[in-house]
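Asks: Let me begin by handing over the structure; questions about it come next.
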Amino acid sequence: MAPPTGTTDLVVLMRRVAAEDREAFQMLFRATSAKLYGIVFRILRRKDLADEIVQEAYLRIWRRAESFDPGSGSPITWMAVIARNLALDEVRRAQPVSIEERPELMDVPDEFVHPLDAREKSETWARLMACLDGIEPDRREMVLLAYHHGMSREELAAKFGAPVATIKTWLRRSLMQLRACLGDERA
Amino acid sequence: MNELDDIDALAGEYVLGTLDAAERAAIAARRRREPALDRAILRWESQFAPLLDAGEPIAPPADLFARIETRLGLPERERPGNVVELRRKLSLWRSVAAASTALAASLAFFIAWQGIHAPAPETRLVAVLQKDSASPAFLVTVDLPTRTLTVKPLTSPAAPDKSYELWLINAKLGDPRSLGVISAPLTVSQRLHGYDPATIEASAVAISLEPKGGSPTGKVTGPVLYSGPLISAPF
(Lines give C-alpha, C1' and ligand atoms only; values in the text may rest on other atoms or scores of the structure.)
Protein backbone atom coordinates (compact mmCIF):
# COMPACT_ATOMS: atom_id res chain seq x y z
CA MET A 1 0.00 0.00 0.00
CA ALA A 2 1.30 3.44 -0.93
CA PRO A 3 1.97 5.77 1.97
CA PRO A 4 -1.15 7.76 2.70
CA THR A 5 -0.56 11.40 1.95
CA GLY A 6 -3.63 12.72 0.22
CA THR A 7 -6.37 14.39 2.21
CA THR A 8 -8.86 11.65 1.37
CA ASP A 9 -6.46 8.97 2.63
CA LEU A 10 -5.88 10.92 5.82
CA VAL A 11 -9.60 11.36 6.37
CA VAL A 12 -10.03 7.60 6.12
CA LEU A 13 -7.15 7.09 8.56
CA MET A 14 -8.59 9.65 10.96
CA ARG A 15 -11.88 7.79 10.96
CA ARG A 16 -10.08 4.58 11.83
CA VAL A 17 -8.06 6.32 14.51
CA ALA A 18 -11.29 7.65 15.97
CA ALA A 19 -12.36 4.01 16.25
CA GLU A 20 -9.10 3.44 18.18
CA ASP A 21 -7.45 1.52 15.38
CA ARG A 22 -3.81 1.40 16.39
CA GLU A 23 -2.49 0.38 13.01
CA ALA A 24 -4.18 3.36 11.42
CA PHE A 25 -2.66 5.55 14.12
CA GLN A 26 0.80 4.33 13.22
CA MET A 27 0.15 4.97 9.53
CA LEU A 28 -1.13 8.42 10.35
CA PHE A 29 2.03 9.07 12.37
CA ARG A 30 4.27 7.91 9.54
CA ALA A 31 2.45 10.10 7.05
CA THR A 32 2.39 13.26 9.13
CA SER A 33 5.04 13.26 11.86
CA ALA A 34 7.85 14.90 9.84
CA LYS A 35 5.62 17.81 9.04
CA LEU A 36 4.45 18.20 12.62
CA TYR A 37 7.97 17.77 13.97
CA GLY A 38 9.22 20.49 11.64
CA ILE A 39 6.51 22.90 12.75
CA VAL A 40 7.15 22.20 16.43
CA PHE A 41 10.94 22.25 16.17
CA ARG A 42 11.00 25.62 14.43
CA ILE A 43 9.12 27.07 17.39
CA LEU A 44 10.94 25.30 20.23
CA ARG A 45 14.42 24.99 18.73
CA ARG A 46 15.28 22.25 21.19
CA LYS A 47 15.19 18.58 20.33
CA ASP A 48 14.17 17.42 23.80
CA LEU A 49 11.24 19.84 23.92
CA ALA A 50 10.21 19.06 20.35
CA ASP A 51 10.23 15.32 21.13
CA GLU A 52 8.06 15.91 24.15
CA ILE A 53 5.59 18.23 22.45
CA VAL A 54 5.20 16.07 19.35
CA GLN A 55 4.44 13.11 21.61
CA GLU A 56 1.91 15.24 23.43
CA ALA A 57 0.37 16.28 20.12
CA TYR A 58 -0.12 12.70 18.94
CA LEU A 59 -1.59 11.67 22.28
CA ARG A 60 -4.07 14.48 21.84
CA ILE A 61 -4.74 13.53 18.22
CA TRP A 62 -5.45 9.95 19.31
CA ARG A 63 -7.81 11.07 22.02
CA ARG A 64 -9.61 13.70 20.00
CA ALA A 65 -9.74 11.96 16.64
CA GLU A 66 -13.46 11.40 17.00
CA SER A 67 -14.03 15.14 17.20
CA PHE A 68 -12.30 15.76 13.88
CA ASP A 69 -14.77 17.13 11.35
CA PRO A 70 -13.76 16.58 7.71
CA GLY A 71 -16.17 19.34 6.74
CA SER A 72 -14.16 21.98 8.55
CA GLY A 73 -10.73 21.38 7.07
CA SER A 74 -8.09 18.81 6.21
CA PRO A 75 -6.77 16.34 8.78
CA ILE A 76 -3.22 17.58 8.34
CA THR A 77 -4.22 21.16 9.15
CA TRP A 78 -6.23 20.00 12.15
CA MET A 79 -3.23 18.01 13.41
CA ALA A 80 -0.72 20.74 12.66
CA VAL A 81 -2.81 23.29 14.56
CA ILE A 82 -2.89 20.98 17.60
CA ALA A 83 0.88 20.53 17.50
CA ARG A 84 1.59 24.19 16.87
CA ASN A 85 -0.66 25.33 19.74
CA LEU A 86 1.07 22.95 22.13
CA ALA A 87 4.46 24.21 20.98
CA LEU A 88 3.38 27.83 21.47
CA ASP A 89 2.03 27.04 24.93
CA GLU A 90 5.33 25.41 25.76
CA VAL A 91 7.57 28.15 24.41
CA ARG A 92 5.57 30.78 26.31
CA ARG A 93 5.48 28.72 29.48
CA ALA A 94 9.23 28.28 29.49
CA GLN A 95 9.61 31.91 30.34
CA PRO A 96 11.07 34.30 30.82
CA VAL A 97 12.64 33.75 27.46
CA SER A 98 14.91 36.56 26.53
CA ILE A 99 16.43 37.08 23.17
CA GLU A 100 19.75 36.23 24.83
CA GLU A 101 18.46 32.75 25.55
CA ARG A 102 17.38 32.24 21.98
CA PRO A 103 20.14 34.06 20.11
CA GLU A 104 19.50 31.98 17.02
CA LEU A 105 16.28 33.91 16.57
CA MET A 106 18.29 37.00 15.70
CA ASP A 107 19.49 35.21 12.61
CA VAL A 108 16.22 33.76 11.44
CA PRO A 109 15.85 34.84 7.86
CA ASP A 110 12.77 36.40 6.42
CA GLU A 111 10.97 33.34 5.17
CA PHE A 112 8.47 35.06 3.02
CA VAL A 113 7.84 32.98 -0.02
CA HIS A 114 6.57 34.90 -2.96
CA PRO A 115 3.49 33.48 -4.70
CA LEU A 116 5.55 32.65 -7.76
CA ASP A 117 7.92 30.51 -5.70
CA ALA A 118 5.18 28.78 -3.82
CA ARG A 119 5.36 25.05 -3.96
CA GLU A 120 1.66 24.89 -3.39
CA LYS A 121 -0.48 26.85 -5.75
CA SER A 122 -3.84 26.46 -4.10
CA GLU A 123 -6.26 29.33 -4.13
CA THR A 124 -6.07 29.68 -0.35
CA TRP A 125 -2.31 29.88 -0.50
CA ALA A 126 -2.33 32.40 -3.33
CA ARG A 127 -4.82 34.56 -1.50
CA LEU A 128 -2.85 34.58 1.73
CA MET A 129 0.37 35.35 -0.13
CA ALA A 130 -1.28 38.21 -2.00
CA CYS A 131 -2.57 39.64 1.27
CA LEU A 132 0.80 39.24 3.02
CA ASP A 133 2.39 40.89 0.03
CA GLY A 134 0.28 43.93 0.75
CA ILE A 135 1.81 44.41 4.22
CA GLU A 136 4.91 46.52 4.67
CA PRO A 137 7.97 44.19 4.51
CA ASP A 138 9.12 44.71 8.12
CA ARG A 139 5.69 44.03 9.52
CA ARG A 140 5.16 41.09 7.25
CA GLU A 141 8.38 39.61 8.52
CA MET A 142 7.16 40.05 12.11
CA VAL A 143 3.98 38.16 11.30
CA LEU A 144 5.93 35.33 9.69
CA LEU A 145 8.54 35.15 12.45
CA ALA A 146 5.76 34.94 15.01
CA TYR A 147 3.89 32.32 13.05
CA HIS A 148 6.81 30.11 12.05
CA HIS A 149 9.19 30.57 14.96
CA GLY A 150 6.89 31.41 17.81
CA MET A 151 8.67 34.70 18.46
CA SER A 152 7.11 36.65 21.29
CA ARG A 153 6.44 40.39 21.27
CA GLU A 154 9.56 40.83 23.41
CA GLU A 155 11.71 38.85 21.00
CA LEU A 156 10.32 40.79 18.06
CA ALA A 157 10.98 44.02 19.96
CA ALA A 158 14.62 43.03 20.45
CA LYS A 159 15.03 41.93 16.86
CA PHE A 160 13.41 45.00 15.35
CA GLY A 161 14.71 47.49 17.92
CA ALA A 162 11.25 48.77 18.80
CA PRO A 163 9.35 48.98 22.10
CA VAL A 164 7.09 46.04 22.94
CA ALA A 165 4.01 48.27 22.84
CA THR A 166 4.88 49.36 19.33
CA ILE A 167 5.32 45.75 18.23
CA LYS A 168 1.92 44.97 19.65
CA THR A 169 0.34 47.83 17.76
CA TRP A 170 2.05 46.83 14.52
CA LEU A 171 0.99 43.22 14.90
CA ARG A 172 -2.60 44.25 15.46
CA ARG A 173 -2.58 46.59 12.49
CA SER A 174 -1.10 43.87 10.30
CA LEU A 175 -3.79 41.47 11.45
CA MET A 176 -6.55 43.96 10.71
CA GLN A 177 -5.02 44.63 7.32
CA LEU A 178 -4.98 40.90 6.65
CA ARG A 179 -8.54 40.59 7.82
CA ALA A 180 -9.68 43.29 5.43
CA CYS A 181 -7.79 41.63 2.59
CA LEU A 182 -8.71 38.02 3.37
CA GLY A 183 -12.35 38.67 4.11
CA ASP A 184 -14.50 37.11 6.80
CA GLU A 185 -14.97 33.70 5.29
CA ARG A 186 -12.98 30.75 6.48
CA ALA A 187 -10.45 29.62 3.97
CA MET B 1 -12.23 49.63 17.05
CA ASN B 2 -15.51 47.93 17.94
CA GLU B 3 -15.90 44.85 20.10
CA LEU B 4 -15.99 42.38 17.24
CA ASP B 5 -12.80 43.84 15.75
CA ASP B 6 -11.24 43.52 19.17
CA ILE B 7 -12.19 39.86 19.45
CA ASP B 8 -10.88 39.25 15.96
CA ALA B 9 -7.57 40.96 16.71
CA LEU B 10 -7.20 38.97 19.92
CA ALA B 11 -8.00 35.75 18.06
CA GLY B 12 -5.46 36.74 15.42
CA GLU B 13 -2.75 37.31 18.01
CA TYR B 14 -3.62 34.01 19.63
CA VAL B 15 -3.20 32.18 16.34
CA LEU B 16 -0.09 34.15 15.47
CA GLY B 17 1.32 33.07 18.82
CA THR B 18 2.39 36.43 20.20
CA LEU B 19 0.28 36.39 23.35
CA ASP B 20 2.08 35.59 26.61
CA ALA B 21 1.41 32.44 28.63
CA ALA B 22 -1.30 33.97 30.82
CA GLU B 23 -3.08 35.55 27.85
CA ARG B 24 -2.93 32.27 25.93
CA ALA B 25 -4.41 30.37 28.85
CA ALA B 26 -7.15 32.97 29.27
CA ILE B 27 -8.07 32.79 25.57
CA ALA B 28 -8.05 28.99 25.59
CA ALA B 29 -10.52 29.10 28.49
CA ARG B 30 -12.67 31.89 27.02
CA ARG B 31 -13.10 30.26 23.62
CA ARG B 32 -14.95 27.39 25.26
CA ARG B 33 -17.73 29.68 26.38
CA GLU B 34 -17.52 32.38 23.71
CA PRO B 35 -18.58 31.01 20.33
CA ALA B 36 -17.70 34.27 18.57
CA LEU B 37 -14.12 34.08 19.82
CA ASP B 38 -13.89 30.40 18.96
CA ARG B 39 -15.13 31.08 15.43
CA ALA B 40 -12.65 33.92 15.02
CA ILE B 41 -9.79 31.63 16.13
CA LEU B 42 -10.87 28.87 13.74
CA ARG B 43 -11.09 31.36 10.91
CA TRP B 44 -7.57 32.70 11.50
CA GLU B 45 -6.23 29.15 11.87
CA SER B 46 -7.80 28.22 8.58
CA GLN B 47 -6.64 31.36 6.79
CA PHE B 48 -3.06 31.05 8.06
CA ALA B 49 -2.96 27.30 7.42
CA PRO B 50 -1.19 27.59 4.02
CA LEU B 51 1.87 28.83 5.94
CA LEU B 52 2.08 25.44 7.62
CA ASP B 53 3.32 24.10 4.31
CA ALA B 54 6.13 26.63 4.04
CA GLY B 55 8.62 24.95 6.37
CA GLU B 56 10.72 21.90 5.68
CA PRO B 57 9.57 18.64 7.25
CA ILE B 58 11.96 17.24 9.86
CA ALA B 59 12.04 13.52 10.55
CA PRO B 60 11.33 12.82 14.22
CA PRO B 61 13.60 10.46 16.21
CA ALA B 62 13.12 6.84 15.14
CA ASP B 63 11.75 5.77 18.52
CA LEU B 64 9.20 8.56 18.89
CA PHE B 65 6.20 6.49 17.90
CA ALA B 66 7.19 3.75 20.35
CA ARG B 67 7.39 6.38 23.07
CA ILE B 68 3.91 7.62 22.18
CA GLU B 69 2.57 4.08 22.27
CA THR B 70 4.10 3.53 25.68
CA ARG B 71 2.42 6.64 26.98
CA LEU B 72 -0.88 5.49 25.54
CA GLY B 73 -0.46 2.16 27.28
CA LEU B 74 -1.03 0.47 23.96
CA PRO B 75 1.51 -2.30 23.42
CA GLU B 76 -1.17 -4.96 23.44
CA ARG B 77 -2.52 -5.05 19.93
CA GLU B 78 -5.85 -6.64 20.62
CA ARG B 79 -7.23 -4.14 23.04
CA PRO B 80 -6.19 -0.73 21.94
CA GLY B 81 -8.95 1.33 23.50
CA ASN B 82 -9.57 -0.18 26.85
CA VAL B 83 -6.59 0.99 28.81
CA VAL B 84 -6.96 4.44 27.35
CA GLU B 85 -10.60 4.39 28.34
CA LEU B 86 -9.61 3.32 31.82
CA ARG B 87 -7.12 6.13 32.04
CA ARG B 88 -9.79 8.58 30.97
CA LYS B 89 -12.15 7.26 33.60
CA LEU B 90 -9.45 7.19 36.19
CA SER B 91 -8.54 10.76 35.55
CA LEU B 92 -12.18 11.72 35.74
CA TRP B 93 -12.57 9.83 38.94
CA ARG B 94 -9.43 11.32 40.37
CA SER B 95 -10.65 14.82 39.74
CA VAL B 96 -13.97 14.00 41.35
CA ALA B 97 -12.24 12.47 44.32
CA ALA B 98 -9.76 15.35 44.51
CA ALA B 99 -7.03 12.79 44.72
CA SER B 100 -5.02 13.82 41.72
CA THR B 101 -1.67 13.36 43.29
CA ALA B 102 1.54 12.15 41.83
CA LEU B 103 0.97 8.80 43.46
CA ALA B 104 -2.49 8.49 42.02
CA ALA B 105 -1.06 9.32 38.62
CA SER B 106 1.59 6.69 39.01
CA LEU B 107 -1.13 4.26 40.03
CA ALA B 108 -2.95 4.96 36.81
CA PHE B 109 0.22 4.02 35.02
CA PHE B 110 0.63 0.99 37.20
CA ILE B 111 -2.87 -0.15 36.35
CA ALA B 112 -2.26 0.37 32.67
CA TRP B 113 0.94 -1.60 32.99
CA GLN B 114 -0.77 -4.35 34.89
CA GLY B 115 -3.47 -4.43 32.25
CA ILE B 116 -0.88 -5.13 29.61
CA HIS B 117 0.54 -8.09 31.42
CA ALA B 118 -2.58 -9.62 32.91
CA PRO B 119 -4.55 -12.22 31.02
CA ALA B 120 -7.66 -10.74 29.50
CA PRO B 121 -10.74 -11.69 31.50
CA GLU B 122 -14.10 -10.44 30.38
CA THR B 123 -14.64 -7.71 32.88
CA ARG B 124 -12.77 -6.10 35.68
CA LEU B 125 -13.59 -3.22 37.92
CA VAL B 126 -11.01 -1.10 39.57
CA ALA B 127 -10.73 1.64 42.16
CA VAL B 128 -7.75 3.55 43.41
CA LEU B 129 -8.34 4.68 46.95
CA GLN B 130 -6.15 7.45 48.20
CA LYS B 131 -7.04 10.59 50.09
CA ASP B 132 -3.94 12.61 49.44
CA SER B 133 -0.31 12.10 48.63
CA ALA B 134 0.57 11.61 52.30
CA SER B 135 -2.01 8.84 52.84
CA PRO B 136 -1.70 5.15 52.15
CA ALA B 137 -3.04 4.12 48.76
CA PHE B 138 -4.98 1.00 47.83
CA LEU B 139 -5.61 -0.56 44.49
CA VAL B 140 -8.87 -2.48 44.43
CA THR B 141 -9.69 -4.77 41.53
CA VAL B 142 -12.76 -6.91 41.07
CA ASP B 143 -12.90 -9.70 38.57
CA LEU B 144 -16.59 -10.03 37.85
CA PRO B 145 -16.77 -13.48 36.19
CA THR B 146 -15.12 -15.16 39.16
CA ARG B 147 -16.31 -12.48 41.58
CA THR B 148 -12.86 -12.22 43.04
CA LEU B 149 -11.70 -9.08 44.71
CA THR B 150 -8.12 -8.09 45.31
CA VAL B 151 -6.80 -5.23 47.37
CA LYS B 152 -3.24 -4.17 47.12
CA PRO B 153 -2.09 -1.74 49.75
CA LEU B 154 0.58 0.17 47.93
CA THR B 155 2.12 1.95 50.86
CA SER B 156 2.25 1.59 54.62
CA PRO B 157 0.36 -1.04 56.65
CA ALA B 158 -2.01 -0.04 59.46
CA ALA B 159 -0.76 0.66 62.97
CA PRO B 160 -0.08 -2.57 65.00
CA ASP B 161 -3.32 -2.35 66.96
CA LYS B 162 -5.47 -1.44 63.96
CA SER B 163 -6.70 -3.07 60.78
CA TYR B 164 -7.94 -1.71 57.49
CA GLU B 165 -11.34 -3.12 56.61
CA LEU B 166 -12.86 -3.09 53.16
CA TRP B 167 -16.55 -2.40 52.58
CA LEU B 168 -18.93 -2.71 49.68
CA ILE B 169 -21.33 0.19 49.53
CA ASN B 170 -24.55 0.11 47.58
CA ALA B 171 -27.79 1.81 48.58
CA LYS B 172 -29.71 -1.33 47.64
CA LEU B 173 -27.78 -3.31 50.22
CA GLY B 174 -28.49 -0.98 53.12
CA ASP B 175 -25.51 -0.74 55.46
CA PRO B 176 -22.03 -1.18 54.05
CA ARG B 177 -21.13 -4.87 53.76
CA SER B 178 -17.77 -5.98 55.03
CA LEU B 179 -15.57 -7.61 52.43
CA GLY B 180 -12.89 -8.47 54.91
CA VAL B 181 -9.81 -7.18 56.63
CA ILE B 182 -6.86 -6.11 54.56
CA SER B 183 -4.07 -7.89 56.35
CA ALA B 184 -0.51 -9.00 55.77
CA PRO B 185 0.91 -9.93 53.33
CA LEU B 186 -0.88 -6.84 52.11
CA THR B 187 -2.99 -8.64 49.59
CA VAL B 188 -6.36 -10.09 50.30
CA SER B 189 -8.79 -11.82 48.02
CA GLN B 190 -12.40 -12.17 48.92
CA ARG B 191 -15.11 -14.07 47.14
CA LEU B 192 -18.08 -11.92 46.33
CA HIS B 193 -20.44 -14.76 45.61
CA GLY B 194 -23.17 -13.33 47.79
CA TYR B 195 -23.61 -10.47 45.33
CA ASP B 196 -24.67 -10.52 41.71
CA PRO B 197 -22.33 -8.87 39.19
CA ALA B 198 -24.73 -6.01 38.43
CA THR B 199 -24.82 -5.07 42.11
CA ILE B 200 -21.06 -5.19 42.38
CA GLU B 201 -20.66 -3.11 39.27
CA ALA B 202 -22.92 -0.40 40.65
CA SER B 203 -21.16 -0.27 44.00
CA ALA B 204 -18.53 1.82 45.64
CA VAL B 205 -15.88 0.54 47.97
CA ALA B 206 -14.61 2.09 51.16
CA ILE B 207 -11.86 1.42 53.63
CA SER B 208 -12.27 2.12 57.32
CA LEU B 209 -9.78 1.96 60.13
CA GLU B 210 -11.00 -0.65 62.60
CA PRO B 211 -9.67 -2.34 65.73
CA LYS B 212 -7.19 -5.14 65.11
CA GLY B 213 -8.96 -7.99 63.30
CA GLY B 214 -11.80 -5.92 61.95
CA SER B 215 -15.02 -4.34 63.10
CA PRO B 216 -16.39 -6.15 66.19
CA THR B 217 -19.98 -5.39 65.19
CA GLY B 218 -20.00 -6.14 61.49
CA LYS B 219 -20.72 -2.47 60.81
CA VAL B 220 -18.31 0.36 60.19
CA THR B 221 -17.07 1.59 63.58
CA GLY B 222 -13.88 3.40 62.74
CA PRO B 223 -13.29 6.41 60.54
CA VAL B 224 -13.82 5.85 56.82
CA LEU B 225 -10.47 6.61 55.29
CA TYR B 226 -11.34 6.33 51.66
CA SER B 227 -14.21 5.55 49.40
CA GLY B 228 -14.56 5.51 45.68
CA PRO B 229 -16.69 4.04 42.91
CA LEU B 230 -15.61 0.91 41.12
CA ILE B 231 -14.99 1.76 37.54
CA SER B 232 -15.04 -0.54 34.57
CA ALA B 233 -11.62 -1.68 33.51
CA PRO B 234 -12.01 -4.45 30.99
CA PHE B 235 -8.35 -5.28 30.64
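Letters A, B, ... mark the chains of the C-alpha coordinates in the order given; residue numbers begin at 1 per chain; ligand numbers begin at 1, in order shown.
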When the cut-off is 6 Å and we count only C-alpha atoms, which residues of chain A are near chain B, given as a ChimeraX atom specification?
Replies: /A:20,34-35,37-38,55,92-93,125,146-147,150,152-153,186-187
Asks: Excluding Ala130 in chain A and any residue of its chain fewer than 3 positions from it, enumerate the residues within 10 Å of it, using only C-alpha atoms, and give them as a PyMOL selection string.
Replies: chain A and resi 114-115+124-127+133-135+178+181-182
Asks: Residues within 12 Å of Ile200 in chain B, please, as number ranges by chain. Count only C-alpha atoms; anything in the same chain fewer than 6 positions from it doesn't count.
Replies: B: 123-126, 141-145, 147-149, 167-173, 177, 179, 191-194, 229-232
Asks: So which residues touch range 212-215 of chain B within 10 Å, counting only C-alpha atoms, skipping near sequence neighbours fewer than 5 positions away, as a count of residues only?
Replies: 17
Asks: Using only C-alpha atoms, which residues sit within 8 Å of Val11 in chain A once same-chain residues fewer than 2 positions away are excluded, as a VMD selection string?
Replies: chain A and resid 7 to 9 13 to 15 70 74 to 75
Asks: Can you work out the spacing between CA of Ile7 in chain B and CA of Ile167 in chain A in Å, to one decimal?
Replies: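 For CA of Ile7 in chain B relative to CA of Ile167 in chain A, the distance reads 18.5 Å.
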